[in-house]
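**Q** Let me begin by handing over the structure; questions about it come next.
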6 protein chains.
Amino acid sequence: MQAQKKIAIYPGTFDPITNGHLDIIKRAKHLFDEIIVAVATNTGKQPKFSLKTRVKLVDEAISDMDQVSVEPFDTLLVDFVRKKEASIIVRGLRAVSDFEYELQMGYANSSLDESIETIYLMPTLQNAFISSSIVRSMLDYGGRIDHLVPKSVSRMINSDACDL
Amino acid sequence: MQAQKKIAIYPGTFDPITNGHLDIIKRAKHLFDEIIVAVATNTGKQPKFSLKTRVKLVDEAISDMDQVSVEPFDTLLVDFVRKKEASIIVRGLRAVSDFEYELQMGYANSSLDESIETIYLMPTLQNAFISSSIVRSMLDYGGRIDHLVPKSVSRMINSDACDL
Amino acid sequence: MQAQKKIAIYPGTFDPITNGHLDIIKRAKHLFDEIIVAVATNTGKQPKFSLKTRVKLVDEAISDMDQVSVEPFDTLLVDFVRKKEASIIVRGLRAVSDFEYELQMGYANSSLDESIETIYLMPTLQNAFISSSIVRSMLDYGGRIDHLVPKSVSRMINSDACDL
Amino acid sequence: MQAQKKIAIYPGTFDPITNGHLDIIKRAKHLFDEIIVAVATNTGKQPKFSLKTRVKLVDEAISDMDQVSVEPFDTLLVDFVRKKEASIIVRGLRAVSDFEYELQMGYANSSLDESIETIYLMPTLQNAFISSSIVRSMLDYGGRIDHLVPKSVSRMINSDACDL
Amino acid sequence: MQAQKKIAIYPGTFDPITNGHLDIIKRAKHLFDEIIVAVATNTGKQPKFSLKTRVKLVDEAISDMDQVSVEPFDTLLVDFVRKKEASIIVRGLRAVSDFEYELQMGYANSSLDESIETIYLMPTLQNAFISSSIVRSMLDYGGRIDHLVPKSVSRMINSDACDL
Amino acid sequence: MQAQKKIAIYPGTFDPITNGHLDIIKRAKHLFDEIIVAVATNTGKQPKFSLKTRVKLVDEAISDMDQVSVEPFDTLLVDFVRKKEASIIVRGLRAVSDFEYELQMGYANSSLDESIETIYLMPTLQNAFISSSIVRSMLDYGGRIDHLVPKSVSRMINSDACDL
């Protein structure tokens, strides 16, 4: 067991990445050898930020972390996990509705590949209310977001480097 | 009481019908004399399959069941129930968010007609995670669905007999 | 199917029976041919009313209902259901915590006997907050209970006919 | 403290205002000196009624209430609260999914301005199942709504005075 | 309305009072003219601290707050509220199970006296996980509690001034 | 990071160990190098099985698993985790009420030691309804438990080797 590198995939839309996401990445980092943040291309809903920007914002946020990388994916999640020779999916849990949805997706994924394990982490209390949709609301109305997202993200968004 | 036939309506979008739905239909069949699967025409959201296909897929899935039929409906559910001379609505319960929504709809329906009874059934454990939206995700990414839907449904969908 | 009488068991502690319970009994009566209210002897917690009183209070409350009876039981519920040649368990659903517990018990029961079906009914809105524990709280502090329990129950309790 | 007028903001989409909303407004009226119903201009989803109509329907519903007014708003809620020199946000709580969402929004708002207090009220039992989306469903299918909305609202909607 | 003093009752077991409780008291203080913390004598479960100690710990914790007092009560809550000529009950909301229980109690209380309004407040995020039972667990195993309870409380408990 | 052995603690009452618990142990085993099952001595409630028996039943159930051991503990969980030089707590998640409780305990533990990470795993679907309390109910009424607990456990319990 000790010889095999543990690679975990952290999938999501990241529209945009928040302090809550970054929190989960750091925690996962303590548990496993390598983390790949997987940005979903097609999410059923129209994202606010383009795929390219969403990947770039994650990339900036993790730039000082070792063994953490970001990649877009446009397949079934279990196929992406296998392609990366990973066997672990990491998900953040925030609230009851998250929980139900996660339960359903976890069972759907394990119905496709039982060897893939999904683990759930909870963000620290001060990040527990943050979501990408709250960040987007703030942006729509000119509210400040610097306490909700990584510094690099708020800098990039405010500098109009993004495709808003 | 024994003289009156008990007719139950099982309403939904069925986009498409899943093993979870079929499970509920079979259970309802043990409880009541006749089951009418009622496929909602207008669902507020754009369905993946046309009404015609959704009805056809249900029809195939129930083809070997006695006293079970399928019909589209485009009215208030309580009006459809009365039109069919039924007095029972059957609903599947899966998770907390289902539960809250069902509670609200059940009370809304009984505010229109107190004589209509809504009963709730839970799918067997192995079907508890299945939903039409999970099936649609699988189809979008080329995942297999044969463990999620009735055989006839996966055959029809794979044979391109459907309007995808 | 039409030849076989549908018998449903409605199990509980009934400590004491409330308007919420009576509501469920009446609804179940519309659905099935016969209802047996099954009063659990041993409930893990010390009931306020003796088994004898709990059965008597149910008996009074259903005295004018046809095809509804009451019986104590001291076995596994599924064994009681089989002994009565019934195949249906009726449960009321009130809140989220109820729902989770009911889900767990429903699956536990069906793991013992798959032929037994559990159905869930919701009480009418005006009874949705009533529980035996609320009635007991009222009794402990001298609050009125006549809007919470069947008339016969409040009369018997107030006349000290019960073993309080 | 006693010298300062307590102004509470009751924000929402009000698409359209229901008896559940009116219930919350009346309760808030007992608690605070002045209530401003704040109709959100931009709600992320396409409302059924125009902003103008939504405001007008609220205005009719509150016409006989003292110290209650209605206003549209198109900013961050906390900015609107400050602009009105209020310090209290009132929200109705109905179900678990409401609760989670409200928790998240409450913490998001207090992250922007800690001096603003959010309080939660529950509607009376008979209004507990009513929501604007249920009213809209009824309207879509020709169901009656007079038991779901204030009299003036059902009158205006039925008289085609609204932009449906 | 402005002439009448708004008195709110904050009932509970307070076994012992925590930072979460104190947070709610401070918020309620911003909303109403006077707050009476009502310590329940009989709670159905055996409290760890005696009534006398529970009242004393609250009293210490609120000693520097104006217009806030503490009293034990041994009646129905609605009777206590009326006796104090109050009309508002304040409750903290923390989690889903709290929410369901609170909903039930709120409706039970309003079934006894419709003129009494219950309002719900959420503790700040950093206090959201704190409960008296967590504090008791810490005390049972010698964990530190100074970040969970008001300073005066941890001082009194540590000085053995309490009846542990 | 790769040089340090990852030790995870799986705490609980295990009254008795079930297939649901064993499922979580096996999943945790895939993720970390060593698992210590920690049986709580004092649980606030009176357990059905003695501590000695609860430990013995776990021991039998894990006898063929490498790098998995069992130990009783009678301290704060975080103190036990530190004593074992571990940094990970593993918990199973089953239902909403679990989820809320786990959230609260997770935050309480991290308030004592931020370096300890709690991760949550979901049991496979067929084990999702199993709990120790369901097993105890079955035992109380003579129901079969062989589909609910590890083989060794049902053998030991049936052979009266336990202190029932």
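In the structure tokens, chains take letters A, B, ... by order of appearance, with residues numbered from 1 within each chain and ligands from 1 in the order shown.
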Write out as a ChimeraX atom specification the residues lying within 9 Å of E:Val78, counting only C-alpha atoms and excluding same-chain residues fewer than 5 positions away.
**A** /E:83,89,109-110,112-113,116
**Q** Would you give me, as a list of chain:residue names, the residues of chain E that come within 8 Å of chain C, using only C-alpha atoms?
**A**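 Using only C-alpha atoms, chain E residues at most 8 Å from chain C: E:Asp74, E:Thr75, E:Leu76, E:Ser97, E:Glu100, E:Leu103, E:Gln104, E:Met105, E:Tyr107, E:Ala108, E:Leu112.
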**Q** DSSP on the backbone: which residues in chain F end up as helix (DSSP H, G or I)? Give the answer as number ranges by chain.
**A** F: 19-31, 51-61, 77-83, 96-112, 125-127, 132-141, 151-158
**Q** What separation in Å, quoted to one decimal, exists between atom CA of F:Leu57 and atom CA of F:Asp79?
**A** 24.3 Å
**Q** Using atom CA of C:Val58 and atom CA of C:Leu77 as the two end points, give the distance in Å to one decimal.
**A**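 Spanning atom CA of C:Val58 to atom CA of C:Leu77 is a straight-line distance of 18.4 Å.
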**Q** So which residues touch D:Ile119 within 7 Å, counting only C-alpha atoms, skipping near sequence neighbours fewer than 4 positions away, as a ChimeraX atom specification?
**A** /D:89-91 /E:119-121
**Q** Any idea what's packed within 9 Å of F:Ile17, counting only C-alpha atoms, ignoring anything in its chain fewer than 3 positions away? Could you give it as a ChimeraX atom specification?
**A** /F:13-14,20-22,54,57-58,61,131-132,149-150,153
**Q** Which residues come within 8 Å of A:Val70, counting only C-alpha atoms, excluding same-chain residues fewer than 6 positions away, as a short mmCIF file (atom, residue, chain, number, x, y, z; two decimals) with N, CA, C and O atoms, in the first residue's frame?
**A**
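Dumped everything to selection-v5.cif:
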```cif
data_model
loop_
_atom_site.label_atom_id
_atom_site.label_comp_id
_atom_site.auth_asym_id
_atom_site.auth_seq_id
_atom_site.Cartn_x
_atom_site.Cartn_y
_atom_site.Cartn_z
N ILE A 36 -5.58 16.58 -8.13
CA ILE A 36 -5.88 17.18 -9.43
C ILE A 36 -7.26 17.84 -9.34
O ILE A 36 -8.26 17.16 -9.12
N VAL A 37 -7.26 19.16 -9.48
CA VAL A 37 -8.53 19.89 -9.50
C VAL A 37 -9.10 19.77 -10.91
O VAL A 37 -8.45 20.16 -11.89
N ALA A 38 -10.30 19.19 -11.02
CA ALA A 38 -10.87 18.89 -12.34
C ALA A 38 -12.05 19.82 -12.61
O ALA A 38 -13.08 19.75 -11.94
N VAL A 39 -11.89 20.70 -13.59
CA VAL A 39 -12.90 21.71 -13.89
C VAL A 39 -13.85 21.19 -14.98
O VAL A 39 -13.42 20.91 -16.09
N VAL A 55 -10.37 27.72 -15.32
CA VAL A 55 -9.13 26.97 -15.12
C VAL A 55 -8.00 27.91 -14.68
O VAL A 55 -7.25 27.61 -13.76
N VAL A 58 -8.31 28.91 -11.00
CA VAL A 58 -7.85 27.84 -10.12
C VAL A 58 -6.32 27.78 -10.13
O VAL A 58 -5.67 27.70 -9.09
N ASP A 59 -5.77 27.89 -11.33
CA ASP A 59 -4.32 27.78 -11.49
C ASP A 59 -3.59 28.83 -10.66
O ASP A 59 -2.61 28.54 -9.98
#
```
**Q** Atom CA of E:Met65 to atom CA of E:Pro123: how many Å, to one decimal?
**A**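 Interatomic distance, atom CA of E:Met65 to atom CA of E:Pro123: 18.1 Å.
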